[in-house]
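Student: So that you have it, the file is run.txt, and it contains compact mmCIF, C-alpha atoms:
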# COMPACT_ATOMS: atom_id res chain seq x y z
CA MET A 1 -98.51 88.92 -80.94
CA PRO A 2 -97.49 92.22 -82.58
CA VAL A 3 -99.53 95.27 -81.63
CA SER A 4 -100.26 97.91 -84.20
CA ARG A 5 -99.20 101.48 -83.59
CA MET A 6 -102.79 102.69 -83.80
CA SER A 7 -104.08 100.26 -81.19
CA ALA A 8 -101.45 101.31 -78.68
CA LEU A 9 -102.22 104.99 -79.21
CA ASP A 10 -105.99 104.78 -78.94
CA GLY A 11 -105.72 106.44 -75.51
CA PRO A 12 -103.16 108.37 -73.46
CA PHE A 13 -99.55 107.22 -73.31
CA ILE A 14 -96.42 108.07 -71.32
CA ALA A 15 -93.72 110.36 -72.70
CA ALA A 16 -90.54 110.82 -70.64
CA ASP A 17 -87.49 113.00 -71.17
CA VAL A 18 -84.73 111.21 -69.26
CA GLY A 19 -81.73 113.43 -68.54
CA GLY A 20 -78.70 112.83 -66.40
CA THR A 21 -80.12 114.82 -63.46
CA HIS A 22 -83.90 114.94 -63.95
CA VAL A 23 -86.68 112.96 -65.55
CA ARG A 24 -89.52 115.01 -67.01
CA ILE A 25 -92.54 112.83 -67.59
CA ALA A 26 -96.02 113.42 -68.96
CA LEU A 27 -99.25 111.68 -69.73
CA VAL A 28 -100.11 112.75 -73.27
CA ARG A 29 -102.58 111.97 -76.00
CA PRO A 30 -102.66 112.54 -79.76
CA THR A 31 -104.80 115.46 -80.94
CA GLY A 32 -104.89 114.69 -84.65
CA LEU A 33 -103.72 118.25 -85.37
CA ALA A 34 -100.68 118.79 -87.59
CA THR A 35 -99.56 121.97 -85.84
CA GLN A 36 -99.94 120.66 -82.28
CA PRO A 37 -100.11 116.86 -82.44
CA VAL A 38 -99.79 116.35 -78.68
CA ALA A 39 -101.93 117.37 -75.70
CA VAL A 40 -100.29 117.18 -72.25
CA LEU A 41 -102.74 115.80 -69.69
CA ALA A 42 -100.38 115.62 -66.67
CA TYR A 43 -96.74 116.53 -66.11
CA GLN A 44 -94.13 116.06 -63.38
CA LYS A 45 -90.40 116.53 -62.91
CA TYR A 46 -88.37 114.11 -60.78
CA LEU A 47 -84.80 114.09 -59.46
CA ASN A 48 -82.97 110.97 -60.64
CA ALA A 49 -81.02 110.61 -57.41
CA ASP A 50 -84.25 110.09 -55.46
CA PHE A 51 -85.07 106.86 -57.31
CA ALA A 52 -83.41 103.51 -57.95
CA SER A 53 -84.58 103.22 -61.57
CA LEU A 54 -86.68 104.77 -64.30
CA VAL A 55 -89.34 102.14 -63.58
CA ASP A 56 -89.69 103.55 -60.04
CA ILE A 57 -90.08 107.07 -61.42
CA VAL A 58 -92.77 106.04 -63.89
CA GLN A 59 -94.58 104.13 -61.15
CA ALA A 60 -94.45 107.21 -58.90
CA PHE A 61 -95.87 109.33 -61.72
CA LEU A 62 -98.65 106.86 -62.47
CA ALA A 63 -99.54 106.82 -58.76
CA THR A 64 -100.22 110.57 -58.94
CA LEU A 65 -102.77 109.90 -61.67
CA GLY A 66 -104.77 107.56 -59.47
CA SER A 67 -104.80 104.80 -62.08
CA GLN A 68 -102.75 103.64 -65.04
CA ALA A 69 -105.75 102.09 -66.78
CA GLY A 70 -105.60 102.68 -70.50
CA VAL A 71 -101.85 103.45 -70.60
CA ARG A 72 -100.43 100.87 -72.97
CA ALA A 73 -97.43 102.63 -74.48
CA ALA A 74 -94.46 104.77 -73.55
CA VAL A 75 -91.77 106.67 -75.39
CA ILE A 76 -88.47 107.52 -73.71
CA ALA A 77 -86.25 110.36 -74.86
CA SER A 78 -82.68 109.89 -73.67
CA ALA A 79 -79.11 110.12 -74.85
CA GLY A 80 -78.07 106.56 -75.58
CA TYR A 81 -78.12 103.62 -77.93
CA ALA A 82 -80.73 100.86 -77.66
CA LEU A 83 -79.50 97.27 -77.95
CA GLU A 84 -81.57 94.35 -79.23
CA ASP A 85 -82.10 92.99 -75.69
CA GLY A 86 -83.90 96.18 -74.67
CA THR A 87 -81.05 97.71 -72.66
CA VAL A 88 -79.60 101.11 -73.50
CA ILE A 89 -75.96 102.17 -73.59
CA THR A 90 -75.77 105.61 -71.98
CA ASN A 91 -73.06 107.65 -70.24
CA ASN A 92 -74.92 110.13 -68.06
CA LEU A 93 -77.61 108.22 -66.14
CA PRO A 94 -77.13 107.15 -62.48
CA TRP A 95 -78.84 103.78 -63.06
CA PRO A 96 -79.17 101.28 -65.93
CA LEU A 97 -81.89 101.96 -68.49
CA SER A 98 -83.84 99.01 -69.89
CA LEU A 99 -86.81 99.42 -72.20
CA ALA A 100 -87.66 95.74 -71.80
CA ALA A 101 -87.78 95.99 -67.99
CA LEU A 102 -89.95 99.10 -68.21
CA GLY A 103 -92.43 97.39 -70.50
CA GLN A 104 -92.56 94.14 -68.53
CA ARG A 105 -92.88 95.64 -65.05
CA LEU A 106 -95.53 98.16 -66.07
CA GLY A 107 -97.44 95.89 -68.44
CA LEU A 108 -96.91 98.13 -71.46
CA GLN A 109 -97.40 96.87 -74.99
CA GLN A 110 -94.95 99.28 -76.59
CA VAL A 111 -91.87 101.10 -75.30
CA GLN A 112 -89.69 103.04 -77.73
CA LEU A 113 -86.48 105.05 -77.38
CA VAL A 114 -85.69 108.29 -79.20
CA ASN A 115 -82.53 110.37 -78.86
CA ASP A 116 -83.21 113.23 -76.45
CA PHE A 117 -82.18 115.99 -78.83
CA GLU A 118 -83.91 114.29 -81.72
CA ALA A 119 -87.04 114.60 -79.58
CA VAL A 120 -86.37 118.29 -78.89
CA ALA A 121 -85.93 118.81 -82.64
CA HIS A 122 -89.41 117.40 -83.27
CA ALA A 123 -90.85 119.89 -80.77
CA ALA A 124 -88.91 123.04 -81.66
CA ALA A 125 -91.22 123.95 -84.52
CA GLN A 126 -94.18 123.88 -82.11
CA VAL A 127 -92.78 126.46 -79.68
CA ASP A 128 -94.37 129.88 -79.98
CA ALA A 129 -92.49 133.18 -79.79
CA SER A 130 -93.19 133.65 -76.07
CA HIS A 131 -90.87 130.74 -75.31
CA LEU A 132 -87.96 132.07 -77.42
CA ILE A 133 -85.09 134.44 -76.63
CA GLN A 134 -83.37 135.92 -79.67
CA LEU A 135 -79.56 135.94 -79.45
CA SER A 136 -78.36 136.57 -82.99
CA GLY A 137 -79.49 136.89 -86.58
CA PRO A 138 -82.92 137.76 -88.00
CA ARG A 139 -86.13 136.55 -86.40
CA GLU A 140 -86.87 134.37 -89.41
CA ALA A 141 -84.41 132.52 -91.61
CA ALA A 142 -83.65 134.23 -94.92
CA VAL A 143 -83.79 130.89 -96.74
CA PRO A 144 -85.32 127.53 -95.74
CA GLY A 145 -82.92 124.88 -94.62
CA PRO A 146 -81.86 122.55 -91.81
CA SER A 147 -82.12 123.70 -88.21
CA LEU A 148 -79.65 122.81 -85.46
CA ILE A 149 -80.95 122.01 -81.98
CA LEU A 150 -78.20 121.96 -79.36
CA GLY A 151 -77.85 122.35 -75.64
CA PRO A 152 -75.72 121.78 -72.55
CA GLY A 153 -77.15 119.82 -69.64
CA THR A 154 -75.58 116.83 -67.91
CA GLY A 155 -73.92 116.30 -71.30
CA LEU A 156 -74.13 118.19 -74.58
CA GLY A 157 -76.77 117.03 -77.06
CA ALA A 158 -77.38 118.04 -80.64
CA ALA A 159 -79.70 117.10 -83.48
CA VAL A 160 -80.40 118.43 -86.97
CA TRP A 161 -83.94 119.02 -88.23
CA ILE A 162 -84.20 118.79 -92.04
CA PRO A 163 -87.39 119.96 -93.78
CA HIS A 164 -88.77 117.28 -96.08
CA GLN A 165 -92.10 116.03 -97.38
CA PRO A 166 -94.24 114.31 -96.22
CA ARG A 167 -92.45 114.68 -92.86
CA ALA A 168 -89.23 116.28 -91.66
CA VAL A 169 -86.10 114.20 -91.18
CA VAL A 170 -84.20 114.51 -87.91
CA LEU A 171 -80.59 113.41 -87.56
CA ALA A 172 -79.47 112.48 -84.06
CA THR A 173 -75.79 113.23 -83.51
CA GLU A 174 -73.00 112.60 -81.03
CA ALA A 175 -71.68 116.15 -81.46
CA GLY A 176 -70.91 116.35 -77.74
CA GLN A 177 -68.18 113.74 -78.25
CA ALA A 178 -66.35 115.75 -80.92
CA ALA A 179 -63.03 117.26 -79.87
CA LEU A 180 -63.18 120.62 -78.07
CA ALA A 181 -61.75 123.46 -80.19
CA VAL A 182 -60.33 126.51 -78.40
CA GLY A 183 -59.87 130.02 -79.72
CA ASN A 184 -57.43 132.01 -77.57
CA ALA A 185 -54.31 131.65 -75.43
CA LEU A 186 -56.13 131.26 -72.11
CA GLU A 187 -58.42 128.56 -73.53
CA MET A 188 -55.33 126.77 -74.85
CA GLU A 189 -53.89 126.77 -71.33
CA VAL A 190 -57.15 125.38 -69.97
CA LEU A 191 -57.19 122.70 -72.67
CA ARG A 192 -53.64 121.70 -71.74
CA GLN A 193 -54.81 121.39 -68.15
CA LEU A 194 -57.75 119.22 -69.16
CA LEU A 195 -55.46 117.01 -71.27
CA LYS A 196 -53.46 116.09 -68.19
CA ASP A 197 -56.25 113.74 -67.14
CA ARG A 198 -57.31 112.35 -70.53
CA GLU A 199 -56.16 111.93 -74.12
CA HIS A 200 -59.39 113.20 -75.66
CA VAL A 201 -61.29 116.27 -74.44
CA PRO A 202 -64.78 116.16 -75.96
CA VAL A 203 -66.94 119.23 -76.31
CA GLU A 204 -69.23 118.15 -73.48
CA HIS A 205 -66.26 117.88 -71.10
CA ALA A 206 -66.40 121.70 -71.10
CA LEU A 207 -69.92 122.51 -72.30
CA SER A 208 -72.22 120.83 -69.79
CA GLY A 209 -73.00 121.08 -66.09
CA PRO A 210 -70.02 118.88 -65.17
CA GLY A 211 -68.08 120.69 -67.89
CA LEU A 212 -68.61 124.04 -66.17
CA MET A 213 -66.92 122.53 -63.10
CA ASN A 214 -64.11 121.17 -65.27
CA LEU A 215 -63.48 124.66 -66.66
CA TYR A 216 -63.66 126.18 -63.17
CA ARG A 217 -61.08 123.77 -61.72
CA ALA A 218 -58.82 124.03 -64.76
CA LEU A 219 -58.87 127.83 -64.61
CA ALA A 220 -58.10 127.66 -60.90
CA ALA A 221 -55.05 125.52 -61.68
CA VAL A 222 -53.92 127.83 -64.50
CA ASN A 223 -54.31 130.88 -62.22
CA GLY A 224 -52.73 129.18 -59.19
CA GLN A 225 -55.93 129.59 -57.17
CA SER A 226 -57.91 127.31 -54.90
CA PRO A 227 -61.46 126.56 -56.13
CA VAL A 228 -64.26 127.54 -53.76
CA CYS A 229 -67.39 126.33 -55.55
CA GLN A 230 -68.26 122.64 -55.49
CA GLN A 231 -71.28 122.50 -57.81
CA PRO A 232 -72.13 123.98 -61.23
CA ASP A 233 -75.04 126.00 -59.84
CA GLN A 234 -72.68 127.53 -57.26
CA VAL A 235 -70.33 128.63 -60.05
CA THR A 236 -73.23 130.12 -61.99
CA ALA A 237 -74.63 131.93 -58.95
CA ALA A 238 -71.22 133.33 -57.95
CA ALA A 239 -70.60 134.49 -61.52
CA LEU A 240 -73.97 136.15 -61.94
CA SER A 241 -73.65 137.93 -58.60
CA GLY A 242 -70.04 138.88 -59.27
CA SER A 243 -69.02 137.53 -55.86
CA GLU A 244 -66.05 135.46 -57.11
CA ALA A 245 -63.69 136.50 -59.89
CA LEU A 246 -62.81 132.91 -60.81
CA ALA A 247 -66.49 132.05 -61.31
CA VAL A 248 -66.98 135.18 -63.44
CA GLN A 249 -64.01 134.17 -65.60
CA THR A 250 -65.31 130.60 -65.87
CA LEU A 251 -68.81 131.55 -67.00
CA SER A 252 -67.42 134.00 -69.53
CA MET A 253 -65.19 131.26 -70.97
CA PHE A 254 -68.08 128.80 -70.97
CA CYS A 255 -70.25 131.17 -73.02
CA GLY A 256 -67.39 131.96 -75.39
CA LEU A 257 -66.70 128.28 -76.03
CA LEU A 258 -70.42 127.63 -76.46
CA GLY A 259 -70.71 130.40 -79.04
CA SER A 260 -67.67 129.13 -80.92
CA THR A 261 -69.01 125.57 -80.89
CA VAL A 262 -72.47 126.64 -82.06
CA GLY A 263 -70.87 128.59 -84.92
CA ASP A 264 -68.79 125.57 -85.92
CA MET A 265 -71.80 123.25 -85.87
CA ALA A 266 -74.00 125.69 -87.77
CA LEU A 267 -71.39 125.66 -90.55
CA LEU A 268 -70.79 121.90 -90.36
CA TYR A 269 -74.49 121.05 -90.64
CA GLY A 270 -75.51 123.89 -92.96
CA ALA A 271 -78.06 125.15 -90.41
CA GLN A 272 -79.51 127.92 -92.57
CA GLY A 273 -82.94 127.38 -91.01
CA GLY A 274 -81.75 128.49 -87.59
CA VAL A 275 -80.21 127.35 -84.32
CA TYR A 276 -82.28 126.53 -81.23
CA LEU A 277 -80.45 126.27 -77.91
CA ALA A 278 -82.14 124.11 -75.29
CA GLY A 279 -80.44 122.70 -72.21
CA GLY A 280 -80.63 122.45 -68.46
CA ILE A 281 -78.01 125.15 -67.87
CA LEU A 282 -79.42 127.81 -70.18
CA PRO A 283 -82.52 129.03 -68.30
CA ALA A 284 -80.29 130.44 -65.53
CA LEU A 285 -78.27 132.30 -68.18
CA ARG A 286 -81.14 133.90 -70.10
CA ASP A 287 -80.17 137.43 -69.02
CA TYR A 288 -76.43 136.79 -69.16
CA LEU A 289 -76.05 135.14 -72.57
CA PRO A 290 -77.02 138.09 -74.82
CA ASP A 291 -74.17 140.31 -73.52
CA SER A 292 -71.69 137.48 -72.92
CA PRO A 293 -68.91 136.43 -75.33
CA PHE A 294 -71.39 133.98 -76.90
CA VAL A 295 -72.44 136.03 -79.95
CA PRO A 296 -69.00 137.52 -80.77
CA ARG A 297 -67.47 134.02 -80.70
CA LEU A 298 -70.39 132.58 -82.69
CA LEU A 299 -69.73 135.07 -85.49
CA ASN A 300 -65.93 134.92 -85.33
CA LYS A 301 -65.53 132.54 -88.27
CA GLY A 302 -63.52 134.62 -90.71
CA SER A 303 -65.13 134.89 -94.13
CA MET A 304 -68.20 133.00 -92.86
CA ARG A 305 -69.19 135.81 -90.48
CA GLN A 306 -71.70 137.26 -92.93
CA ALA A 307 -73.28 133.85 -93.51
CA LEU A 308 -73.67 133.27 -89.76
CA GLN A 309 -75.25 136.71 -89.32
CA ARG A 310 -78.11 135.47 -91.53
CA ILE A 311 -78.90 132.51 -89.23
CA PRO A 312 -81.45 133.02 -86.42
CA VAL A 313 -80.04 131.82 -83.09
CA LYS A 314 -82.54 131.47 -80.25
CA VAL A 315 -82.80 130.02 -76.78
CA VAL A 316 -85.85 127.81 -76.34
CA GLU A 317 -87.57 128.11 -72.96
CA HIS A 318 -90.03 125.28 -72.59
CA GLY A 319 -89.79 122.83 -69.72
CA GLN A 320 -91.97 120.27 -71.51
CA LEU A 321 -90.12 120.43 -74.82
CA GLY A 322 -88.51 116.99 -74.51
CA VAL A 323 -91.72 115.13 -73.66
CA ILE A 324 -93.73 116.93 -76.35
CA GLY A 325 -91.04 116.17 -78.92
CA ALA A 326 -90.78 112.51 -77.89
CA ALA A 327 -94.55 112.13 -78.11
CA SER A 328 -94.66 113.89 -81.49
CA TRP A 329 -91.95 111.56 -82.80
CA PHE A 330 -93.82 108.52 -81.48
CA ILE A 331 -97.10 109.54 -83.08
CA GLY A 332 -95.40 110.29 -86.39
CA GLN A 333 -93.69 106.92 -86.82
CA PRO A 334 -94.93 105.26 -90.02
CA VAL A 335 -94.35 101.66 -88.90
CA SER A 336 -95.68 99.34 -86.22
CA TYR A 337 -93.59 98.55 -83.18
CA LYS A 338 -92.81 95.15 -81.75
CA ASN A 339 -94.58 93.89 -78.66
CA LEU A 340 -92.38 93.83 -75.55
So, in terms of structure tokens, how does the structure I just supplied come out?

Tutor:
Amino acid sequence: MPVSRMSALDGPFIAADVGGTHVRIALVRPTGLATQPVAVLAYQKYLNADFASLVDIVQAFLATLGSQAGVRAAVIASAGYALEDGTVITNNLPWPLSLAALGQRLGLQQVQLVNDFEAVAHAAAQVDASHLIQLSGPREAAVPGPSLILGPGTGLGAAVWIPHQPRAVVLATEAGQAALAVGNALEMEVLRQLLKDREHVPVEHALSGPGLMNLYRALAAVNGQSPVCQQPDQVTAAALSGSEALAVQTLSMFCGLLGSTVGDMALLYGAQGGVYLAGGILPALRDYLPDSPFVPRLLNKGSMRQALQRIPVKVVEHGQLGVIGAASWFIGQPVSYKNL
């Protein structure tokens, strides 16, 4: 029989942020407070490659709690599209994702899916100033309006938060699949190199962890060099230490393309309320981004430069942002969910 939303949220529930590399998972409960609707009771981070499925990860997390008694619901934040049979179409996970299997194997009454960056959008307003790094624009928006939440991780996610009463509206997007736009001769050469292997080069093919490697290898080919680094974190480390010129060039290009893309999307979505950057790559770049080509390329939009200067652009540093946002979304849903 159908289970009401209220009955499933009488006690704690599971909130998981499922990325291409890691799963961040928490036991949470509603607080009843408008400003901070979620309390995190327990939190863990797991490496996807260590497990055969999301079910195994959730079971491992529940085992750390000693008992799963009282947990009757879960919300999953992930990039993907849920089908009617409970499976999810997704590009970046190492194993299939099935909401139905999760609910059945764990005995849950409700399991819901929310887009990962839609979840982050629901949490961004709850992050205090200590978790923010200012990159551009004023600290507060000059006028109220939509906010853009965007970030590179295993892919590139984006969502738009639109203020509205009685509750905000969040638009999930597939902005990472839009075509990559370049802005100088060297980037054009890199794009030509990337087009040798595919007919369509999406934004996330350059602006993501794998995308950083794609840029690195393409630049190596353009320069007639042999790549040394084999992983994105190696490229980042070599660039930040200045130990390899190719890595330095790659990270500079990455930040320039990111700034240009953020500027484009801010204009496309009318993000007068601000831009929040959140993604797995960004914490390592917190000291590099402010003096990188990011801001100059963000503002390099011709007559729209002055408009972009009025938009606050910030990096969000909050490891639990996805789970808090997913839980906030789940609590705020106005309708009942079907029983799995």

Student: Quick one: which stretch 170-281 of chain A residues come within 8 Å of stretch 136-152 of chain A, and what is the nearest atom pair for each with the distance in Å to one decimal, counting all atoms listed in the file, rows ordered by chain and ascending number, as a Markdown table?

Tutor:
| residue | atom | partner | partner_atom | distance |
| --- | --- | --- | --- | --- |
| A:Glu204 | CA | A:Pro152 | CA | 7.5 |
| A:Leu207 | CA | A:Pro152 | CA | 5.9 |
| A:Ser208 | CA | A:Pro152 | CA | 4.6 |
| A:Gly209 | CA | A:Pro152 | CA | 7.0 |
| A:Val262 | CA | A:Leu150 | CA | 7.9 |
| A:Met265 | CA | A:Leu148 | CA | 7.9 |
| A:Ala266 | CA | A:Leu148 | CA | 6.7 |
| A:Tyr269 | CA | A:Leu148 | CA | 7.5 |
| A:Gly270 | CA | A:Pro146 | CA | 6.6 |
| A:Ala271 | CA | A:Pro146 | CA | 4.8 |
| A:Gln272 | CA | A:Gly145 | CA | 5.0 |
| A:Gly273 | CA | A:Gly145 | CA | 4.4 |
| A:Gly274 | CA | A:Ser147 | CA | 4.8 |
| A:Val275 | CA | A:Leu148 | CA | 4.7 |
| A:Tyr276 | CA | A:Ile149 | CA | 4.8 |
| A:Leu277 | CA | A:Leu150 | CA | 5.1 |
| A:Ala278 | CA | A:Gly151 | CA | 4.7 |
| A:Gly279 | CA | A:Gly151 | CA | 4.3 |
| A:Gly280 | CA | A:Pro152 | CA | 6.4 |
| A:Ile281 | CA | A:Pro152 | CA | 6.2 |

Student: Those residues you just picked out, can you put them in a file as a compact mmCIF listing (two decimals), in the frame of the given file with C-alpha atoms?

Tutor:
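See selection.txt below for the written result:
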# COMPACT_ATOMS: atom_id res chain seq x y z
CA GLU A 204 -69.23 118.15 -73.48
CA LEU A 207 -69.92 122.51 -72.30
CA SER A 208 -72.22 120.83 -69.79
CA GLY A 209 -73.00 121.08 -66.09
CA VAL A 262 -72.47 126.64 -82.06
CA MET A 265 -71.80 123.25 -85.87
CA ALA A 266 -74.00 125.69 -87.77
CA TYR A 269 -74.49 121.05 -90.64
CA GLY A 270 -75.51 123.89 -92.96
CA ALA A 271 -78.06 125.15 -90.41
CA GLN A 272 -79.51 127.92 -92.57
CA GLY A 273 -82.94 127.38 -91.01
CA GLY A 274 -81.75 128.49 -87.59
CA VAL A 275 -80.21 127.35 -84.32
CA TYR A 276 -82.28 126.53 -81.23
CA LEU A 277 -80.45 126.27 -77.91
CA ALA A 278 -82.14 124.11 -75.29
CA GLY A 279 -80.44 122.70 -72.21
CA GLY A 280 -80.63 122.45 -68.46
CA ILE A 281 -78.01 125.15 -67.87

Student: Excluding A:Pro296 and its own-chain neighbours fewer than 3 positions away, which residues fall within 8 Å of it when counting only C-alpha atoms? Please give them as a ChimeraX atom specification.

Tutor: /A:256,259,293,299-300

Student: Identify, on the basis of all atoms listed in the file, every residue whose closest approach to stretch 163-170 of chain A does not exceed 8 Å; exclude the query and any residue fewer than 2 positions from it along the same chain; express the result as a list of chain:residue names.

Tutor: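 The residues satisfying every condition are A:Glu118, A:Ala121, A:His122, A:Gly145, A:Pro146, A:Ala159, A:Val160, A:Trp161, A:Ala172.
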
Student: Mind giving me the straight-line distance from atom CA of A:Lys301 to atom CA of A:Gln134 in Å, one decimal?

Tutor: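 Going from atom CA of A:Lys301 over to atom CA of A:Gln134, I get 20.1 Å.
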
Student: I'd like the interatomic distance between atom CA of A:Ala185 and atom CA of A:Phe254, to a tenth of an Å.

Tutor: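 Going from atom CA of A:Ala185 over to atom CA of A:Phe254, I get 14.8 Å.
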
Student: Quick one: pull the distance between atom CA of A:Val55 and atom CA of A:Leu102, Å, one decimal.

Tutor: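 Going from atom CA of A:Val55 over to atom CA of A:Leu102, I get 5.6 Å.
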
Student: Which neighbours of A:Arg192 fall inside 12 Å, counting only C-alpha atoms, when residues of the same chain fewer than 6 positions from it are skipped, and could you give them as a VMD selection string?

Tutor: chain A and resid 180 to 182 185 to 186 198 to 201 215 218 to 219 221 to 222

Student: Using all atoms listed in the file, can you tell me which of A:Val248, A:Val71, A:Trp329, A:Ile14 comes closest to A:Tyr43?

Tutor: A:Ile14

Student: Need the axis-aligned box for stretch 84-91 of chain A with 5 Å each side, so what are the centre and edges in Å to one decimal, as lines of an AutoDock Vina configuration file?

Tutor:
center_x = -78.5
center_y = 100.3
center_z = -74.7
size_x = 20.8
size_y = 24.7
size_z = 19.0

Student: Which is closest to A:Ser292 among A:Gly242, A:Tyr81, A:Leu251, A:Leu308, if we use only C-alpha atoms?

Tutor: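 Of A:Gly242, A:Tyr81, A:Leu251, A:Leu308, the one nearest A:Ser292, counting only C-alpha atoms, is A:Leu251.
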
Student: May I have the residues within 12 Å of A:Gly155 as a PyMOL selection string, using all atoms listed in the file and disregarding those fewer than 2 positions away in the same chain?

Tutor: chain A and resi 19-21+78-80+90-93+116-117+150-153+157-158+174-177+202-212+279-281

Student: Write out as number ranges by chain the residues lying within 6 Å of A:Asp17, counting all atoms listed in the file and excluding same-chain residues fewer than 4 positions away.

Tutor: A: 23-24, 77, 322-323
